[in-house]
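Peer 1: For reference, the file work-v2.txt (compact mmCIF, C-alpha atoms) is included below:
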# COMPACT_ATOMS: atom_id res chain seq x y z
CA MET M 144 -19.28 5.85 -28.62
CA ASN M 145 -18.86 8.26 -31.50
CA ARG M 146 -20.01 11.09 -29.29
CA PHE M 147 -16.63 10.99 -27.56
CA ALA M 148 -14.72 11.19 -30.83
CA THR M 149 -14.33 14.97 -30.81
CA LEU M 150 -12.82 14.95 -27.36
CA LEU M 151 -10.38 12.19 -28.20
CA VAL M 152 -8.84 14.33 -30.93
CA GLU M 153 -7.32 16.40 -28.12
CA PRO M 154 -3.98 15.15 -26.80
CA ALA M 155 -4.93 11.88 -25.16
CA SER M 156 -4.10 11.69 -21.51
CA LEU M 157 -2.96 8.40 -20.10
CA LEU M 158 -5.30 6.82 -17.61
CA PRO M 159 -3.78 5.36 -14.45
CA PRO M 160 -3.43 1.55 -14.39
CA ARG M 161 -6.37 1.15 -12.01
CA TYR M 162 -8.69 1.87 -14.96
CA PHE M 163 -7.15 -0.79 -17.22
CA ASP M 164 -9.54 -3.62 -16.35
CA LEU M 165 -12.65 -1.60 -17.16
CA PRO M 166 -14.82 -2.67 -20.10
CA GLU M 167 -13.74 -0.97 -23.32
CA SER M 168 -16.77 1.34 -23.53
CA THR M 169 -16.27 2.55 -19.95
CA LYS M 170 -12.58 3.04 -20.57
CA LEU M 171 -13.43 5.21 -23.56
CA SER M 172 -15.96 7.31 -21.65
CA THR M 173 -13.55 7.63 -18.71
CA ARG M 174 -10.85 8.91 -21.05
CA ALA M 175 -13.29 11.37 -22.62
CA LEU M 176 -14.35 12.61 -19.19
CA GLU M 177 -10.72 12.89 -18.13
CA SER M 178 -9.92 15.05 -21.18
CA PHE M 179 -12.98 17.19 -20.62
CA LEU M 180 -12.38 17.77 -16.90
CA ALA M 181 -8.71 18.52 -17.52
CA SER M 182 -9.73 21.11 -20.11
CA VAL M 183 -12.11 22.98 -17.80
CA GLU M 184 -10.69 22.58 -14.30
CA ALA M 185 -8.33 25.57 -14.24
CA LYS M 186 -10.88 27.98 -15.72
CA ALA M 187 -13.58 26.58 -13.46
CA PHE M 188 -11.35 27.11 -10.47
CA ARG M 189 -10.71 30.73 -11.48
CA MET M 190 -14.44 31.37 -11.87
CA ALA M 191 -15.17 29.89 -8.45
CA GLN M 192 -12.21 31.71 -6.93
CA ILE M 193 -13.38 35.07 -8.29
CA ALA M 194 -16.91 34.45 -7.01
CA LEU M 195 -15.90 33.11 -3.59
CA ARG M 196 -12.59 34.95 -3.04
CA HIS M 197 -11.26 31.88 -1.25
CA ASP M 198 -9.07 29.10 -2.68
CA GLU M 199 -10.27 26.22 -0.51
CA ASP M 200 -13.91 27.02 -1.04
CA ALA M 201 -13.29 27.36 -4.77
CA LEU M 202 -11.59 23.96 -4.85
CA ASP M 203 -14.51 22.43 -2.98
CA ALA M 204 -16.97 23.93 -5.45
CA VAL M 205 -15.02 22.65 -8.47
CA GLN M 206 -14.67 19.16 -7.01
CA ASP M 207 -18.35 19.08 -6.18
CA ALA M 208 -19.23 20.19 -9.70
CA MET M 209 -17.01 17.48 -11.21
CA LEU M 210 -18.60 14.78 -9.07
CA ARG M 211 -22.12 15.94 -9.87
CA LEU M 212 -21.42 16.08 -13.59
CA VAL M 213 -20.01 12.57 -13.59
CA ARG M 214 -22.79 11.20 -11.40
CA ARG M 215 -25.69 12.71 -13.31
CA TYR M 216 -24.61 13.57 -16.82
CA SER M 217 -21.72 11.33 -17.87
CA GLN M 218 -24.13 9.38 -20.10
CA ARG M 219 -25.13 12.55 -21.95
CA PRO M 220 -23.39 13.45 -25.25
CA ALA M 221 -19.97 14.97 -24.60
CA ALA M 222 -20.91 18.11 -26.52
CA GLU M 223 -23.40 18.97 -23.75
CA TRP M 224 -20.94 18.57 -20.91
CA ARG M 225 -19.41 22.07 -21.04
CA PRO M 226 -22.56 24.17 -20.55
CA LEU M 227 -23.92 21.59 -18.09
CA PHE M 228 -20.72 21.67 -16.08
CA TYR M 229 -20.76 25.45 -15.75
CA ARG M 230 -24.38 25.45 -14.72
CA ILE M 231 -23.56 22.88 -12.02
CA LEU M 232 -20.52 24.91 -10.96
CA GLU M 233 -22.64 28.02 -10.47
CA ASN M 234 -25.01 26.01 -8.27
CA CYS M 235 -22.05 24.70 -6.27
CA VAL M 236 -20.72 28.23 -5.82
CA ARG M 237 -24.13 29.30 -4.56
CA ASP M 238 -24.19 26.31 -2.16
CA VAL M 239 -20.83 27.36 -0.73
CA GLN M 240 -22.05 30.94 -0.30
CA ARG M 241 -25.14 29.67 1.47
CA ARG M 242 -23.08 27.48 3.79
CA ARG M 243 -20.81 30.39 4.55
CA SER M 244 -23.66 32.53 5.67
CA VAL M 245 -24.67 29.81 8.11
CA ARG M 246 -21.39 28.91 9.72
CA GLY M 247 -19.76 31.37 12.04
CA ARG M 248 -16.33 32.89 11.73
CA VAL M 249 -14.97 31.14 14.81
CA PHE M 250 -16.00 27.73 13.53
CA THR M 251 -14.38 28.46 10.17
CA TRP M 252 -11.13 29.43 11.86
CA TYR M 253 -11.19 26.28 14.01
CA GLN M 254 -11.86 24.01 11.04
CA ARG M 255 -9.04 25.46 8.96
CA ALA M 256 -6.56 25.32 11.82
CA PHE M 257 -7.36 21.89 13.20
CA GLY M 258 -9.39 20.03 10.59
CA GLU M 259 -12.82 18.55 11.03
CA ASP M 260 -11.76 15.89 13.51
CA GLY M 261 -9.75 18.25 15.67
CA THR M 262 -6.33 17.07 14.51
CA GLU M 263 -3.97 19.68 13.20
CA VAL M 264 -3.95 19.91 9.41
CA GLU M 265 -0.56 19.35 7.85
CA ALA M 266 0.48 21.91 5.28
CA ASP M 267 0.55 20.70 1.68
CA PRO M 268 4.24 20.18 0.73
CA LEU M 269 3.53 21.82 -2.62
CA GLU M 270 2.85 25.05 -0.78
CA ARG M 271 6.51 25.17 0.13
CA VAL M 272 7.65 24.73 -3.48
CA ARG M 273 8.99 27.98 -4.85
CA ASP M 274 7.47 29.26 -8.06
CA PRO M 275 10.30 29.06 -10.63
CA SER M 276 8.97 31.95 -12.76
CA PRO M 277 10.72 35.28 -12.19
CA HIS M 278 8.84 38.16 -10.65
CA PRO M 279 10.04 41.28 -12.43
CA ALA M 280 8.32 44.63 -12.18
CA THR M 281 6.05 43.78 -15.12
CA GLN M 282 4.85 40.69 -13.30
CA ALA M 283 4.01 42.83 -10.30
CA GLN M 284 2.06 45.15 -12.57
CA ILE M 285 0.16 42.20 -14.07
CA ASP M 286 -0.57 40.82 -10.60
CA GLN M 287 -1.91 44.18 -9.50
CA THR M 288 -4.13 44.48 -12.56
CA LEU M 289 -5.36 40.94 -12.16
CA GLU M 290 -6.14 41.58 -8.52
CA ALA M 291 -8.15 44.64 -9.47
CA LEU M 292 -9.96 42.68 -12.18
CA ASP M 293 -10.78 39.87 -9.75
CA ALA M 294 -12.10 42.35 -7.20
CA ALA M 295 -14.19 44.16 -9.80
CA LEU M 296 -15.60 40.89 -11.12
CA ALA M 297 -16.41 39.77 -7.58
CA ARG M 298 -18.41 42.97 -7.04
CA LEU M 299 -20.56 42.33 -10.12
CA PRO M 300 -24.00 40.78 -9.71
CA ALA M 301 -23.68 36.98 -10.03
CA ARG M 302 -25.45 36.74 -13.40
CA GLN M 303 -23.35 39.50 -14.95
CA ARG M 304 -20.14 37.96 -13.67
CA GLN M 305 -21.18 34.56 -14.93
CA ALA M 306 -22.00 35.87 -18.39
CA PHE M 307 -18.73 37.80 -18.60
CA LEU M 308 -16.54 34.90 -17.47
CA LEU M 309 -18.27 32.26 -19.56
CA ARG M 310 -17.79 34.44 -22.64
CA ASN M 311 -14.30 35.79 -21.94
CA LEU M 312 -12.60 33.12 -19.84
CA GLU M 313 -14.23 29.92 -21.07
CA GLY M 314 -14.85 31.29 -24.57
CA LEU M 315 -18.43 30.04 -24.88
CA ASP M 316 -20.60 31.61 -27.56
CA VAL M 317 -23.89 33.32 -26.72
CA ALA M 318 -25.97 30.16 -27.28
CA ALA M 319 -23.78 27.94 -25.08
CA THR M 320 -23.63 30.67 -22.43
CA ALA M 321 -27.42 30.84 -22.43
CA LEU M 322 -27.54 27.06 -21.99
CA ALA M 323 -25.05 27.21 -19.12
CA MET M 324 -26.92 30.03 -17.42
CA GLY M 325 -30.36 28.61 -18.08
CA CYS M 326 -31.68 31.79 -19.68
CA SER M 327 -32.36 33.27 -23.11
CA GLU M 328 -29.64 34.54 -25.45
CA GLY M 329 -31.09 38.03 -25.10
CA SER M 330 -30.58 37.90 -21.33
CA VAL M 331 -26.99 36.77 -21.83
CA LYS M 332 -26.32 39.77 -24.06
CA THR M 333 -27.88 42.15 -21.54
CA HIS M 334 -25.90 40.70 -18.60
CA TYR M 335 -22.72 40.71 -20.63
CA PHE M 336 -22.91 44.33 -21.77
CA ARG M 337 -23.84 45.56 -18.30
CA ALA M 338 -20.82 43.72 -16.90
CA LEU M 339 -18.57 45.12 -19.59
CA HIS M 340 -19.78 48.65 -18.94
CA THR M 341 -19.22 48.38 -15.17
CA LEU M 342 -15.79 46.81 -15.52
CA ARG M 343 -14.62 49.43 -17.98
CA GLU M 344 -15.65 52.15 -15.60
CA GLU M 345 -13.97 50.53 -12.61
CA LEU M 346 -10.77 49.39 -14.31
CA GLY M 347 -10.16 52.33 -16.57
CA GLU M 348 -7.07 53.45 -14.68
CA TYR M 349 -5.41 50.01 -14.95
CA TRP M 350 -6.05 49.75 -18.67
CA SER M 351 -4.85 53.19 -19.68
CA MET H 198 -22.07 53.39 -29.42
CA SER H 199 -19.49 55.36 -31.38
CA GLU H 200 -16.74 53.73 -33.39
CA GLN H 201 -14.15 54.97 -30.86
CA GLN H 202 -16.04 53.43 -27.93
CA ASP H 203 -16.47 50.24 -29.90
CA ARG H 204 -12.75 49.97 -30.50
CA GLU H 205 -12.01 50.66 -26.84
CA SER H 206 -14.46 48.00 -25.76
CA THR H 207 -12.88 45.46 -28.06
CA GLU H 208 -9.44 46.30 -26.75
CA PHE H 209 -10.68 46.10 -23.17
CA VAL H 210 -12.21 42.67 -23.80
CA ARG H 211 -9.05 41.44 -25.52
CA ARG H 212 -6.86 42.50 -22.61
CA THR H 213 -9.25 41.07 -20.08
CA GLU H 214 -9.38 37.76 -21.90
CA GLU H 215 -5.60 37.65 -22.05
CA LEU H 216 -5.25 38.38 -18.37
CA LEU H 217 -7.84 35.82 -17.32
CA ALA H 218 -6.38 33.13 -19.59
CA ARG H 219 -2.93 33.75 -18.18
CA SER H 220 -4.20 33.55 -14.62
CA ALA H 221 -5.82 30.18 -15.36
CA GLN H 222 -2.66 28.84 -16.97
CA GLN H 223 -0.39 29.99 -14.16
CA LEU H 224 -2.16 28.49 -11.21
CA PRO H 225 0.14 27.53 -8.32
CA ALA H 226 1.34 23.91 -8.22
CA ARG H 227 -0.65 23.34 -5.03
CA ILE H 228 -3.92 24.29 -6.73
CA ARG H 229 -3.12 22.27 -9.87
CA SER H 230 -2.36 19.25 -7.72
CA ARG H 231 -5.66 19.60 -5.86
CA LEU H 232 -7.57 19.96 -9.12
CA THR H 233 -5.95 16.82 -10.49
CA ARG H 234 -6.95 14.94 -7.37
CA ALA H 235 -10.50 16.24 -7.67
CA ARG H 236 -10.62 15.12 -11.31
CA TYR H 237 -9.50 11.59 -10.44
CA ALA H 238 -11.95 11.40 -7.56
CA ALA H 239 -14.70 12.11 -10.10
CA LEU H 240 -13.28 9.57 -12.55
CA ASP H 241 -13.05 6.95 -9.79
CA GLN H 242 -16.73 7.48 -9.14
CA HIS H 243 -17.46 7.03 -12.83
CA ALA H 244 -15.37 3.87 -13.00
CA ALA H 245 -16.93 2.48 -9.82
CA GLY H 246 -20.35 2.66 -11.43
CA ALA H 247 -19.24 0.48 -14.34
CA PRO H 248 -18.83 -3.29 -14.07
CA ARG H 249 -15.23 -4.41 -14.17
CA ARG H 250 -14.05 -6.74 -16.94
CA TRP H 251 -13.77 -9.72 -14.58
CA ALA H 252 -17.33 -9.04 -13.38
CA ARG H 253 -18.65 -10.40 -16.70
CA TRP H 254 -17.67 -13.89 -15.49
CA LEU H 255 -19.57 -13.52 -12.22
CA PRO H 256 -22.84 -15.19 -13.40
CA ALA H 257 -20.95 -18.16 -14.85
CA GLY H 258 -18.83 -18.40 -11.71
CA ALA H 259 -21.89 -18.31 -9.49
CA ALA H 260 -23.59 -21.05 -11.52
CA ALA H 261 -20.47 -23.23 -11.35
CA ALA H 262 -20.26 -22.69 -7.58
CA MET H 263 -23.90 -23.72 -7.18
CA VAL H 264 -23.40 -26.92 -9.19
CA LEU H 265 -20.34 -27.75 -7.12
CA ALA H 266 -22.25 -27.14 -3.89
CA VAL H 267 -25.09 -29.45 -5.01
CA LEU H 268 -22.60 -32.18 -5.95
CA ILE H 269 -20.90 -31.93 -2.58
CA VAL H 270 -24.20 -32.12 -0.70
CA GLN H 271 -25.58 -35.01 -2.77
CA ALA H 272 -22.42 -37.14 -2.91
CA PRO H 273 -22.44 -40.21 -0.56
CA ARG H 274 -20.19 -39.77 2.44
CA PRO H 275 -17.46 -42.42 2.82
CA GLY H 276 -18.05 -42.76 6.58
CA ALA H 277 -21.79 -43.35 6.14
CA GLU H 278 -21.19 -46.11 3.56
CA LEU H 279 -18.89 -48.01 5.90
CA ALA H 280 -21.38 -47.75 8.74
CA HIS H 281 -24.12 -49.19 6.55
CA GLY H 282 -22.26 -52.25 5.34
CA SER H 283 -20.09 -52.92 8.35
CA ALA H 284 -22.05 -55.86 9.88
CA GLY H 285 -22.33 -57.87 6.67
CA SER H 286 -18.80 -57.16 5.72
CA ASN H 287 -17.46 -58.42 9.01
CA GLU H 288 -19.35 -61.72 8.67
CA ASP H 289 -18.06 -62.15 5.14
CA ILE H 290 -14.53 -61.51 6.24
CA GLU H 291 -14.85 -63.99 9.12
CA MET H 292 -16.18 -66.66 6.79
CA LEU H 293 -13.38 -66.08 4.31
CA ALA H 294 -10.78 -66.14 7.07
CA ASP H 295 -12.09 -69.47 8.47
CA SER H 296 -10.12 -72.04 6.49
CA GLY H 297 -12.18 -75.02 7.77
CA ALA H 298 -15.52 -73.54 6.74
CA TYR H 299 -15.20 -74.54 3.08
CA ALA H 300 -14.29 -78.15 3.91
CA LEU H 301 -17.15 -78.36 6.39
CA ALA H 302 -19.58 -77.09 3.81
CA GLN H 303 -18.29 -79.66 1.33
CA ASP H 304 -18.71 -82.43 3.90
CA GLN H 305 -22.34 -81.44 4.38
CA LEU H 306 -23.07 -82.04 0.73
CA SER H 307 -24.05 -85.54 -0.27
CA GLN H 308 -22.36 -87.27 -3.15
CA ASP H 309 -24.97 -86.17 -5.67
CA GLY H 310 -24.51 -82.51 -4.60
CA GLU H 311 -27.64 -82.16 -2.46
CA VAL H 312 -27.78 -80.75 1.05
CA ASP H 313 -27.68 -83.35 3.82
CA TYR H 314 -30.68 -82.21 5.94
CA GLU H 315 -30.21 -85.08 8.42
CA PHE H 316 -26.91 -83.62 9.42
CA TYR H 317 -28.53 -80.25 10.19
CA ASP H 318 -31.27 -81.95 12.23
CA TRP H 319 -28.61 -83.79 14.21
CA ALA H 320 -26.59 -80.61 14.75
CA VAL H 321 -29.62 -78.62 15.98
CA SER H 322 -30.79 -81.40 18.36
CA THR H 323 -27.25 -81.80 19.76
CA GLU H 324 -27.07 -78.07 20.35
CA ARG H 325 -30.41 -78.07 22.21
CA GLU H 326 -29.38 -80.97 24.38
CA GLU H 327 -26.19 -79.22 25.31
CA ARG H 328 -28.00 -75.99 26.21
CA GLY H 329 -30.61 -77.91 28.20
CA GLY H 330 -27.82 -79.62 30.14
CA GLU H 331 -26.19 -76.30 30.92
CA THR H 332 -29.38 -74.67 32.23
CA GLY H 333 -30.25 -77.76 34.23
CA SER H 334 -26.90 -77.90 36.02
How does this structure look as structure tokens?

Peer 2:
Amino acid sequence: MNRFATLLVEPASLLPPRYFDLPESTKLSTRALESFLASVEAKAFRMAQIALRHDEDALDAVQDAMLRLVRRYSQRPAAEWRPLFYRILENCVRDVQRRRSVRGRVFTWYQRAFGEDGTEVEADPLERVRDPSPHPATQAQIDQTLEALDAALARLPARQRQAFLLRNLEGLDVAATALAMGCSEGSVKTHYFRALHTLREELGEYWS
Amino acid sequence: MSEQQDRESTEFVRRTEELLARSAQQLPARIRSRLTRARYAALDQHAAGAPRRWARWLPAGAAAAMVLAVLIVQAPRPGAELAHGSAGSNEDIEMLADSGAYALAQDQLSQDGEVDYEFYDWAVSTEREERGGETGS
């Protein structure tokens, strides 16, 4: 139980009532998992989104990664969850890419327009909610730079992109990145510096 | 790598980190909502794998149910008991209801409390004679 202690120091999230009648140990591990998943989900989504260049596919990959982590590794010490989760996420991203190459464009269009069972998919009401943040010229500039960064990252080889994002978006150190990528620390450094070199060359004009 | 290039790299990384962090923090509400749902789907799966608190009483409950079932099966049924004893009971009730039976029984006893066998012999022979008369006619 002590292995969850570090995660519980973070602001505790309240579990929904349906988890109240769980045994105490399960409640504790559920809360720890909840904190962990909440801490990684946005960054994980961005990584998947950059790799797949598609929101729905990225969401699918993140959800799949969450389910696999919980199913297979929830009993492992919480300190191991982060690198494990990102390794799973990379596999899920690769699965989505593989599926994409199999299904045709027409089928994809049909599925998005009408859903899997042929009924028309209702738009998420949240899509209609206006973003309250203002969009001044600086925001437009940031959006443009971010778009260029996303595109440049997407063009990188998968291992280089993974090393760059795990270091600079998730903030993992070299050792944890190596664990997440399933390679040596030396390989991480090589992938990282190659990515950095390519990105600097491509994005020079946006950074000047 | 020169010191100038080093400084530029560090600045590039800092700006990239800042941009990526901001993009993760400012996800649209629709995406955040979907991620929350995905998180709870995973947590539901985790919770489903664990026994609920009430489930700890299941073995005791099952044992109690089994004992109850055995008691119900083994207990004598009220209908069956009546069927068994119905003939004897009816005779007893008839005897009790017959007010002259006790006096008759007392009459059959001799003064010293012994059974008067001559009376029974007489009663049986009288009965036979009557039946013989009926069949003969």

Peer 1: Would you mind listing, for every residue of chain M within 7 Å of chain H, the two atoms forming the shortest contact and the distance between them in Å to one decimal, using only C-alpha atoms, sorted by chain and ascending residue number, as CSV?

Peer 2:
residue,atom,partner,partner_atom,distance
M:Asp164,CA,H:Arg250,CA,5.5
M:Leu165,CA,H:Arg249,CA,4.8
M:Pro166,CA,H:Arg250,CA,5.2
M:Thr169,CA,H:Ala247,CA,6.7
M:Thr173,CA,H:Leu240,CA,6.5
M:Glu177,CA,H:Leu240,CA,7.0
M:Leu180,CA,H:Arg236,CA,6.4
M:Glu184,CA,H:Leu232,CA,6.6
M:Ala185,CA,H:Ala221,CA,5.4
M:Lys186,CA,H:Ala221,CA,5.5
M:Arg189,CA,H:Ala221,CA,6.3
M:Gln206,CA,H:Ala235,CA,5.1
M:Met209,CA,H:Ala239,CA,6.0
M:Leu210,CA,H:Ala239,CA,4.8
M:Val213,CA,H:His243,CA,6.1
M:Arg214,CA,H:His243,CA,6.9
M:Leu269,CA,H:Arg227,CA,5.1
M:Glu270,CA,H:Arg227,CA,5.8
M:Leu289,CA,H:Leu216,CA,6.7
M:Asn311,CA,H:Glu214,CA,5.3
M:Leu312,CA,H:Glu214,CA,6.0

Peer 1: Here is a test: counting all atoms listed in the file, which residue of M:Glu313, M:Glu223, M:Glu344, M:Asp203 is nearest to Gln240 of chain M?

Peer 2: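 The closest residue to Gln240 of chain M is M:Asp203.
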
Peer 1: If we count only C-alpha atoms and set the cut-off at 9 Å, which residues sit around Arg302 of chain M, ignoring sequence neighbours fewer than 5 positions away in its own chain? Please answer as a list in words.

Peer 2: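 Returned residues: Phe307, Met324, Val331, His334 and Tyr335 of chain M.
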
Peer 1: Could you tell me how far atom CA of Asp238 of chain M lies from atom CA of Ala204 of chain M, in Å and to one decimal?

Peer 2: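 Taking atom CA of Asp238 of chain M as the start and atom CA of Ala204 of chain M as the end point, the length is 8.3 Å.
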
Peer 1: Can you find the residues with an atom no farther than 9 Å from (-22.3, 24.9, -30.4), counting all atoms listed in the file, and report them as a PyMOL selection string?

Peer 2: chain M and resi 222-223+315-316+318-319

Peer 1: Is it possible to get the axis-aligned box enclosing segment 309-325 of chain H (all listed atoms, 5 Å extra per side) as lines of an AutoDock Vina configuration file, with centre and edge lengths in Å rounded to one decimal?

Peer 2:
center_x = -27.9
center_y = -82.1
center_z = 8.3
size_x = 16.8
size_y = 18.1
size_z = 37.9

Peer 1: Give me the residues within 10 Å of Arg237 of chain M as a ChimeraX atom specification, counting only C-alpha atoms and dropping any in the same chain fewer than 3 places off.

Peer 2: /M:191,194-195,204,231-234,240-243,301

Peer 1: Which polymer residues have any atom within 8 Å of an atom of Ala297 of chain M, counting only C-alpha atoms, with same-chain residues fewer than 3 positions away left out, as a ChimeraX atom specification?

Peer 2: /M:193-196,293-294,300,304

Peer 1: Measure the distance from atom CA of Leu322 of chain M to atom CA of Pro226 of chain M in Å and round it to one decimal.

Peer 2: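 If I compute the distance from atom CA of Leu322 of chain M to atom CA of Pro226 of chain M, I get 5.9 Å.
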
Peer 1: In Å, with one decimal, what is the gap from atom CA of Phe188 of chain M to atom CA of Ala175 of chain M?

Peer 2: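 Interatomic distance here is 20.0 Å.
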